[in-house]
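Single-structure report; data block below.
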Amino acid sequence: MKKRRLGTTDMEITPVGFGCWAIGGANWAYGWGSQSDRDAVEAIEKAVELGINWIDTAAVYGLGHAEELVGKALRGLAEKPFVFTKCGLVWDDARAIGNNLRTDSIRRECEASLQRLGADRIDLYQIHWPNPDAEIEEAWREMARLQEEGLVRYIGVSNFNVPQMERAAAIAPIASLQPPYSMLRRAIETEILPYCEQHQIGVIVYSPMLSGMLTGAMTRERALNLPADDWRRNNKEFQEPRLSANLELVELLRRIGKQHDASPGQVAIAWTLRHPALTAAIVGGRTAAQVEGTAGAASLALSEREIAQIETFLASMPA
């Protein structure tokens, strides 16, 4: 895969990275249902085999379990990918998740992530959410200290708006932003992407297929019968009236994909990568087969006519 420089860092990353949210397993607030650990490790191994050179995870995914699986997979790999993870979401003995951006918590989380990953240094360490807002400056100063000490190579933010990035940037440079972005989530196009492009902040987007809705594998029956421990049950995109419109959009992506021997999911990912402010997209995979089914998006280029078809359909969808 061709690589793109992440912001002003010296990291050249593939347009598609492996995302670990779904492999965290069940029994936590934002789980995707049961997950085989073996399948998860094989999915990571397949991603690296296909040329993907970075993994994005977070301490909170599976309440530490996703990082443990990444660490297990890395031990078996001769060529190590970059590893990006996040802090700021913590949990207690009852598995209840809360926000904490205080200095001692940031450092404690970093040390715990390093241990779970079996690493000496994290390539990109990101604040997961800017909550509590009043603690952003305190957290960013500690992130900068972790970088100065060599525990992390670069520091980034996730889910920040422009004013919040400006506050952080006044303390230390921001290597990257991680926002949600897909055909069905376009809010960042107005202010956030132009700001990042102007200030050379790398952008790695998450949920380019809107958590599985645009993969081509989602059906009405499946969406309406998601397991009780799958957080998507409560997402409006998996409920009417959005569900029917989204499934019609998938059929359009399927028709476009046939011209490229590509899946609807690959078309959805390629659509996000068309934006000049984007560096790369995070694509989750729960099995090696799922990874094989999406990795090709990194080299898929949509024509102007195809992009126009998609835009016309999107404009007709219900709010």
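Naming works like this for the structure tokens: A, B, ... for the chains as they're shown, residue 1 at the start of each chain, ligands 1 onward in shown order.
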
At a cut-off of 12 Å, can you tabulate as CSV every residue of region 228-270 of chain A near region 279-289 of chain A together with its closest atom pair and the distance in Å to one decimal, using only C-alpha atoms and ordering rows by chain then number?
residue,atom,partner,partner_atom,distance
A:Gly265,CA,A:Val283,CA,9.8
A:Gln266,CA,A:Val283,CA,10.0
A:Ala268,CA,A:Ala281,CA,10.7
A:Ile269,CA,A:Ala281,CA,7.2
A:Ala270,CA,A:Ala281,CA,9.0

Atoms to include: N, CA and C atoms. Write the selected residues as a PDB file, in the first residue's frame.
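Dumped everything to part_37.pdb:
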ATOM      1  N   GLY A 265     -18.543  -1.791   1.505  1.00  0.00           N
ATOM      2  CA  GLY A 265     -17.706  -1.260   2.566  1.00  0.00           C
ATOM      3  C   GLY A 265     -16.449  -0.598   2.042  1.00  0.00           C
ATOM      4  N   GLN A 266     -15.835  -1.211   1.048  1.00  0.00           N
ATOM      5  CA  GLN A 266     -14.636  -0.626   0.445  1.00  0.00           C
ATOM      6  C   GLN A 266     -14.958   0.715  -0.215  1.00  0.00           C
ATOM      7  N   ALA A 268     -17.365   2.745   0.709  1.00  0.00           N
ATOM      8  CA  ALA A 268     -17.613   3.693   1.797  1.00  0.00           C
ATOM      9  C   ALA A 268     -16.296   4.218   2.372  1.00  0.00           C
ATOM     10  N   ILE A 269     -15.322   3.343   2.542  1.00  0.00           N
ATOM     11  CA  ILE A 269     -14.020   3.758   3.073  1.00  0.00           C
ATOM     12  C   ILE A 269     -13.303   4.658   2.066  1.00  0.00           C
ATOM     13  N   ALA A 270     -13.313   4.248   0.808  1.00  0.00           N
ATOM     14  CA  ALA A 270     -12.651   5.042  -0.231  1.00  0.00           C
ATOM     15  C   ALA A 270     -13.273   6.434  -0.346  1.00  0.00           C
TER      16      ALA A 270
END

Per residue of region 9-86 of chain A within 10 Å of region 217-235 of chain A, what are the shortest atom pair and its distance in Å to one decimal, counting only C-alpha atoms, with rows by chain and residue number, as a Markdown table?
| residue | atom | partner | partner_atom | distance |
| --- | --- | --- | --- | --- |
| A:Ala22 | CA | A:Asp230 | CA | 9.8 |
| A:Gly25 | CA | A:Asp229 | CA | 9.7 |
| A:Ala26 | CA | A:Asp229 | CA | 6.6 |
| A:Asn27 | CA | A:Asp229 | CA | 7.1 |
| A:Trp28 | CA | A:Asp229 | CA | 8.2 |
| A:Ala29 | CA | A:Trp231 | CA | 7.3 |
| A:Tyr30 | CA | A:Trp231 | CA | 5.3 |
| A:Gly31 | CA | A:Asp230 | CA | 5.7 |
| A:Trp32 | CA | A:Asp230 | CA | 4.4 |
| A:Gly33 | CA | A:Asp230 | CA | 5.1 |
| A:Ser34 | CA | A:Asp229 | CA | 8.3 |

Practice prompt. Give me the residues within 9 Å of region 125-133 of chain A as a PyMOL selection string, counting only C-alpha atoms and dropping any in the same chain fewer than 6 places off.
Written response: chain A and resi 58+83-89+99-101+106+110+139-140+143+147+152-161+164+176-178

Could those residues be written to a file, using N, CA, C and O atoms, as a CSV table (one decimal), in the first residue's frame?
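Once written, result09.csv looks like this:
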chain,number,residue,atom,x,y,z
A,58,ALA,N,-7.5,1.3,22.2
A,58,ALA,CA,-7.7,2.2,23.3
A,58,ALA,C,-7.8,1.4,24.6
A,58,ALA,O,-8.3,0.2,24.6
A,83,VAL,N,1.7,1.3,16.8
A,83,VAL,CA,0.6,1.1,17.7
A,83,VAL,C,0.1,2.4,18.3
A,83,VAL,O,0.9,3.2,18.9
A,84,PHE,N,-1.1,2.7,18.0
A,84,PHE,CA,-1.8,4.0,18.6
A,84,PHE,C,-2.8,3.5,19.6
A,84,PHE,O,-3.6,2.6,19.4
A,85,THR,N,-2.8,4.2,20.7
A,85,THR,CA,-3.8,3.9,21.7
A,85,THR,C,-4.3,5.2,22.4
A,85,THR,O,-3.8,6.3,22.0
A,86,LYS,N,-5.2,5.1,23.4
A,86,LYS,CA,-5.9,6.3,23.9
A,86,LYS,C,-6.1,6.2,25.4
A,86,LYS,O,-6.1,5.1,26.0
A,87,CYS,N,-6.3,7.4,26.0
A,87,CYS,CA,-6.5,7.5,27.4
A,87,CYS,C,-7.6,8.4,27.7
A,87,CYS,O,-8.1,9.1,26.8
A,88,GLY,N,-8.0,8.5,29.0
A,88,GLY,CA,-9.0,9.4,29.4
A,88,GLY,C,-10.3,8.8,29.8
A,88,GLY,O,-11.2,9.4,30.4
A,89,LEU,N,-10.5,7.5,29.4
A,89,LEU,CA,-11.7,6.8,29.9
A,89,LEU,C,-11.2,5.7,30.8
A,89,LEU,O,-10.4,4.8,30.4
A,99,ASN,N,-14.9,9.4,32.9
A,99,ASN,CA,-13.9,10.3,32.3
A,99,ASN,C,-12.9,10.8,33.4
A,99,ASN,O,-13.4,11.2,34.4
A,100,ASN,N,-11.6,10.8,33.0
A,100,ASN,CA,-10.6,11.4,33.9
A,100,ASN,C,-9.5,11.9,33.1
A,100,ASN,O,-8.8,11.1,32.4
A,101,LEU,N,-9.2,13.2,33.2
A,101,LEU,CA,-8.0,13.8,32.5
A,101,LEU,C,-7.0,14.4,33.5
A,101,LEU,O,-6.2,15.2,33.1
A,106,ILE,N,-3.7,10.1,33.8
A,106,ILE,CA,-3.1,10.0,32.5
A,106,ILE,C,-1.8,9.2,32.5
A,106,ILE,O,-1.6,8.3,31.7
A,110,CYS,N,-1.2,5.4,31.0
A,110,CYS,CA,-0.1,5.2,30.0
A,110,CYS,C,0.8,4.0,30.4
A,110,CYS,O,1.0,3.1,29.6
A,139,ALA,N,-4.4,17.7,31.2
A,139,ALA,CA,-4.1,16.4,30.5
A,139,ALA,C,-3.0,16.6,29.5
A,139,ALA,O,-2.1,15.8,29.3
A,140,TRP,N,-3.1,17.7,28.7
A,140,TRP,CA,-2.2,17.9,27.6
A,140,TRP,C,-0.8,18.2,28.0
A,140,TRP,O,0.2,17.7,27.4
A,143,MET,N,0.5,14.8,28.8
A,143,MET,CA,0.8,14.1,27.5
A,143,MET,C,2.2,14.6,27.0
A,143,MET,O,3.0,13.8,26.5
A,147,GLN,N,5.7,12.4,26.3
A,147,GLN,CA,6.5,12.5,25.1
A,147,GLN,C,7.9,12.9,25.4
A,147,GLN,O,8.8,12.2,24.8
A,152,VAL,N,6.0,7.9,25.0
A,152,VAL,CA,5.3,8.0,23.7
A,152,VAL,C,6.0,8.8,22.7
A,152,VAL,O,6.8,9.7,23.0
A,153,ARG,N,5.8,8.4,21.4
A,153,ARG,CA,6.5,9.2,20.4
A,153,ARG,C,5.8,10.4,20.0
A,153,ARG,O,6.5,11.5,19.9
A,154,TYR,N,4.5,10.4,19.8
A,154,TYR,CA,3.7,11.5,19.4
A,154,TYR,C,2.4,11.5,20.2
A,154,TYR,O,2.0,10.5,20.7
A,155,ILE,N,1.8,12.7,20.3
A,155,ILE,CA,0.6,12.8,21.1
A,155,ILE,C,-0.5,13.4,20.2
A,155,ILE,O,-0.2,14.3,19.4
A,156,GLY,N,-1.7,12.9,20.3
A,156,GLY,CA,-2.8,13.4,19.5
A,156,GLY,C,-4.1,13.5,20.3
A,156,GLY,O,-4.1,13.2,21.5
A,157,VAL,N,-5.2,13.9,19.7
A,157,VAL,CA,-6.5,14.0,20.3
A,157,VAL,C,-7.5,13.3,19.5
A,157,VAL,O,-7.4,13.1,18.3
A,158,SER,N,-8.6,13.0,20.2
A,158,SER,CA,-9.7,12.4,19.5
A,158,SER,C,-11.0,13.0,19.9
A,158,SER,O,-11.2,13.4,21.1
A,159,ASN,N,-11.9,13.3,19.0
A,159,ASN,CA,-13.2,13.9,19.3
A,159,ASN,C,-13.2,15.3,19.8
A,159,ASN,O,-14.1,15.8,20.4
A,160,PHE,N,-12.1,16.0,19.5
A,160,PHE,CA,-11.9,17.4,19.9
A,160,PHE,C,-12.6,18.3,18.8
A,160,PHE,O,-12.5,18.0,17.6
A,161,ASN,N,-13.1,19.5,19.3
A,161,ASN,CA,-13.5,20.5,18.3
A,161,ASN,C,-12.4,21.5,18.1
A,161,ASN,O,-11.3,21.4,18.7
A,164,GLN,N,-11.1,23.5,21.2
A,164,GLN,CA,-10.4,22.6,22.1
A,164,GLN,C,-9.0,22.3,21.6
A,164,GLN,O,-8.0,22.2,22.3
A,176,SER,N,-2.1,14.6,15.7
A,176,SER,CA,-3.2,14.1,14.9
A,176,SER,C,-4.5,14.3,15.6
A,176,SER,O,-4.6,14.4,16.9
A,177,LEU,N,-5.6,14.3,14.9
A,177,LEU,CA,-6.9,14.3,15.4
A,177,LEU,C,-7.6,13.0,14.9
A,177,LEU,O,-7.4,12.6,13.8
A,178,GLN,N,-8.4,12.4,15.8
A,178,GLN,CA,-9.2,11.2,15.4
A,178,GLN,C,-10.7,11.5,15.6
A,178,GLN,O,-11.2,11.5,16.7

What lies within 7 Å of region 297-309 of chain A using only C-alpha atoms, ignoring chain neighbours under 2 positions off, as a short mmCIF file (atom, residue, chain, number, x, y, z; two decimals) with N, CA and C atoms, in the first residue's frame?
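Output file part18.cif is given in full below:
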data_model
loop_
_atom_site.label_atom_id
_atom_site.label_comp_id
_atom_site.auth_asym_id
_atom_site.auth_seq_id
_atom_site.Cartn_x
_atom_site.Cartn_y
_atom_site.Cartn_z
N MET A 1 0.84 -1.20 0.00
CA MET A 1 0.00 0.00 0.00
C MET A 1 0.87 1.25 0.00
N PRO A 15 -3.11 4.09 4.16
CA PRO A 15 -4.40 4.80 4.20
C PRO A 15 -5.45 4.11 5.06
N VAL A 16 -5.28 2.82 5.28
CA VAL A 16 -6.20 2.06 6.12
C VAL A 16 -5.42 1.48 7.28
N ILE A 256 -21.89 0.56 -7.43
CA ILE A 256 -20.64 1.24 -7.76
C ILE A 256 -19.45 0.31 -7.56
N GLN A 266 -15.84 -1.21 1.05
CA GLN A 266 -14.64 -0.63 0.45
C GLN A 266 -14.96 0.71 -0.21
N VAL A 267 -16.11 0.80 -0.85
CA VAL A 267 -16.52 2.06 -1.48
C VAL A 267 -16.74 3.13 -0.40
N ILE A 269 -15.32 3.34 2.54
CA ILE A 269 -14.02 3.76 3.07
C ILE A 269 -13.30 4.66 2.07
N ALA A 270 -13.31 4.25 0.81
CA ALA A 270 -12.65 5.04 -0.23
C ALA A 270 -13.27 6.43 -0.35
N THR A 294 -11.90 -5.67 3.42
CA THR A 294 -11.89 -4.21 3.44
C THR A 294 -10.55 -3.58 3.08
N ALA A 295 -9.46 -4.33 3.20
CA ALA A 295 -8.12 -3.76 3.00
C ALA A 295 -7.95 -3.12 1.63
N GLU A 311 -23.31 11.60 -3.70
CA GLU A 311 -23.76 12.89 -3.13
C GLU A 311 -25.24 13.14 -3.41
N THR A 312 -25.68 12.82 -4.62
CA THR A 312 -27.08 13.00 -4.96
C THR A 312 -27.98 12.16 -4.08
N PHE A 313 -27.58 10.91 -3.85
CA PHE A 313 -28.39 10.04 -2.99
C PHE A 313 -28.40 10.54 -1.56
#

For this session: Just the strand (DSSP E) stuff from region 165-295 of chain A, please, per backbone DSSP, written as an MDAnalysis selection string.
Result: chainID A and resid 176:178 202:205 280:284

Restrict the selected residues to all heavy atoms and save them as a PDB file, in the first residue's frame.
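So result-v5.pdb came out as:
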ATOM      1  N   SER A 176      -2.081  14.618  15.673  1.00  0.00           N
ATOM      2  CA  SER A 176      -3.214  14.118  14.906  1.00  0.00           C
ATOM      3  C   SER A 176      -4.520  14.300  15.648  1.00  0.00           C
ATOM      4  O   SER A 176      -4.556  14.443  16.870  1.00  0.00           O
ATOM      5  CB  SER A 176      -3.029  12.625  14.598  1.00  0.00           C
ATOM      6  OG  SER A 176      -3.034  11.883  15.812  1.00  0.00           O
ATOM      7  N   LEU A 177      -5.585  14.274  14.869  1.00  0.00           N
ATOM      8  CA  LEU A 177      -6.947  14.265  15.386  1.00  0.00           C
ATOM      9  C   LEU A 177      -7.620  12.993  14.907  1.00  0.00           C
ATOM     10  O   LEU A 177      -7.444  12.579  13.756  1.00  0.00           O
ATOM     11  CB  LEU A 177      -7.737  15.468  14.875  1.00  0.00           C
ATOM     12  CG  LEU A 177      -9.256  15.425  15.127  1.00  0.00           C
ATOM     13  CD1 LEU A 177      -9.570  15.628  16.603  1.00  0.00           C
ATOM     14  CD2 LEU A 177      -9.991  16.455  14.262  1.00  0.00           C
ATOM     15  N   GLN A 178      -8.436  12.396  15.794  1.00  0.00           N
ATOM     16  CA  GLN A 178      -9.224  11.228  15.408  1.00  0.00           C
ATOM     17  C   GLN A 178     -10.706  11.544  15.610  1.00  0.00           C
ATOM     18  O   GLN A 178     -11.212  11.512  16.722  1.00  0.00           O
ATOM     19  CB  GLN A 178      -8.837  10.005  16.243  1.00  0.00           C
ATOM     20  CG  GLN A 178      -9.559   8.749  15.791  1.00  0.00           C
ATOM     21  CD  GLN A 178      -9.158   7.529  16.597  1.00  0.00           C
ATOM     22  OE1 GLN A 178     -10.020   6.741  17.001  1.00  0.00           O
ATOM     23  NE2 GLN A 178      -7.882   7.356  16.845  1.00  0.00           N
ATOM     24  N   GLY A 202      -2.463  15.759  11.342  1.00  0.00           N
ATOM     25  CA  GLY A 202      -2.910  14.533  10.685  1.00  0.00           C
ATOM     26  C   GLY A 202      -4.325  14.179  11.124  1.00  0.00           C
ATOM     27  O   GLY A 202      -4.729  14.460  12.251  1.00  0.00           O
ATOM     28  N   VAL A 203      -5.087  13.564  10.233  1.00  0.00           N
ATOM     29  CA  VAL A 203      -6.464  13.167  10.549  1.00  0.00           C
ATOM     30  C   VAL A 203      -6.642  11.691  10.241  1.00  0.00           C
ATOM     31  O   VAL A 203      -6.462  11.259   9.103  1.00  0.00           O
ATOM     32  CB  VAL A 203      -7.492  13.990   9.745  1.00  0.00           C
ATOM     33  CG1 VAL A 203      -8.920  13.530  10.086  1.00  0.00           C
ATOM     34  CG2 VAL A 203      -7.344  15.478  10.032  1.00  0.00           C
ATOM     35  N   ILE A 204      -6.957  10.925  11.276  1.00  0.00           N
ATOM     36  CA  ILE A 204      -7.295   9.510  11.081  1.00  0.00           C
ATOM     37  C   ILE A 204      -8.726   9.323  11.583  1.00  0.00           C
ATOM     38  O   ILE A 204      -9.008   9.497  12.762  1.00  0.00           O
ATOM     39  CB  ILE A 204      -6.304   8.561  11.793  1.00  0.00           C
ATOM     40  CG1 ILE A 204      -6.062   8.960  13.250  1.00  0.00           C
ATOM     41  CG2 ILE A 204      -4.984   8.532  11.062  1.00  0.00           C
ATOM     42  CD1 ILE A 204      -5.169   8.000  14.008  1.00  0.00           C
ATOM     43  N   VAL A 205      -9.632   9.040  10.672  1.00  0.00           N
ATOM     44  CA  VAL A 205     -11.053   8.994  11.020  1.00  0.00           C
ATOM     45  C   VAL A 205     -11.468   7.598  11.462  1.00  0.00           C
ATOM     46  O   VAL A 205     -10.893   6.597  11.045  1.00  0.00           O
ATOM     47  CB  VAL A 205     -11.937   9.457   9.845  1.00  0.00           C
ATOM     48  CG1 VAL A 205     -11.612  10.904   9.477  1.00  0.00           C
ATOM     49  CG2 VAL A 205     -11.788   8.551   8.626  1.00  0.00           C
ATOM     50  N   ALA A 280      -5.793   9.011   6.902  1.00  0.00           N
ATOM     51  CA  ALA A 280      -6.125   7.585   6.863  1.00  0.00           C
ATOM     52  C   ALA A 280      -7.443   7.326   7.577  1.00  0.00           C
ATOM     53  O   ALA A 280      -7.998   8.205   8.246  1.00  0.00           O
ATOM     54  CB  ALA A 280      -5.002   6.777   7.513  1.00  0.00           C
ATOM     55  N   ALA A 281      -7.924   6.092   7.441  1.00  0.00           N
ATOM     56  CA  ALA A 281      -9.171   5.678   8.086  1.00  0.00           C
ATOM     57  C   ALA A 281      -8.933   4.426   8.913  1.00  0.00           C
ATOM     58  O   ALA A 281      -8.194   3.522   8.498  1.00  0.00           O
ATOM     59  CB  ALA A 281     -10.249   5.406   7.035  1.00  0.00           C
ATOM     60  N   ILE A 282      -9.559   4.384  10.069  1.00  0.00           N
ATOM     61  CA  ILE A 282      -9.508   3.208  10.942  1.00  0.00           C
ATOM     62  C   ILE A 282     -10.613   2.259  10.504  1.00  0.00           C
ATOM     63  O   ILE A 282     -11.783   2.647  10.420  1.00  0.00           O
ATOM     64  CB  ILE A 282      -9.712   3.602  12.408  1.00  0.00           C
ATOM     65  CG1 ILE A 282      -8.620   4.568  12.857  1.00  0.00           C
ATOM     66  CG2 ILE A 282      -9.744   2.367  13.305  1.00  0.00           C
ATOM     67  CD1 ILE A 282      -8.935   5.263  14.171  1.00  0.00           C
ATOM     68  N   VAL A 283     -10.252   1.018  10.239  1.00  0.00           N
ATOM     69  CA  VAL A 283     -11.226   0.022   9.805  1.00  0.00           C
ATOM     70  C   VAL A 283     -11.138  -1.183  10.736  1.00  0.00           C
ATOM     71  O   VAL A 283     -10.102  -1.830  10.822  1.00  0.00           O
ATOM     72  CB  VAL A 283     -10.981  -0.405   8.346  1.00  0.00           C
ATOM     73  CG1 VAL A 283     -12.027  -1.421   7.918  1.00  0.00           C
ATOM     74  CG2 VAL A 283     -11.019   0.809   7.422  1.00  0.00           C
ATOM     75  N   GLY A 284     -12.213  -1.458  11.427  1.00  0.00           N
ATOM     76  CA  GLY A 284     -12.222  -2.585  12.349  1.00  0.00           C
ATOM     77  C   GLY A 284     -12.335  -3.910  11.617  1.00  0.00           C
ATOM     78  O   GLY A 284     -12.776  -3.981  10.472  1.00  0.00           O
TER      79      GLY A 284
END
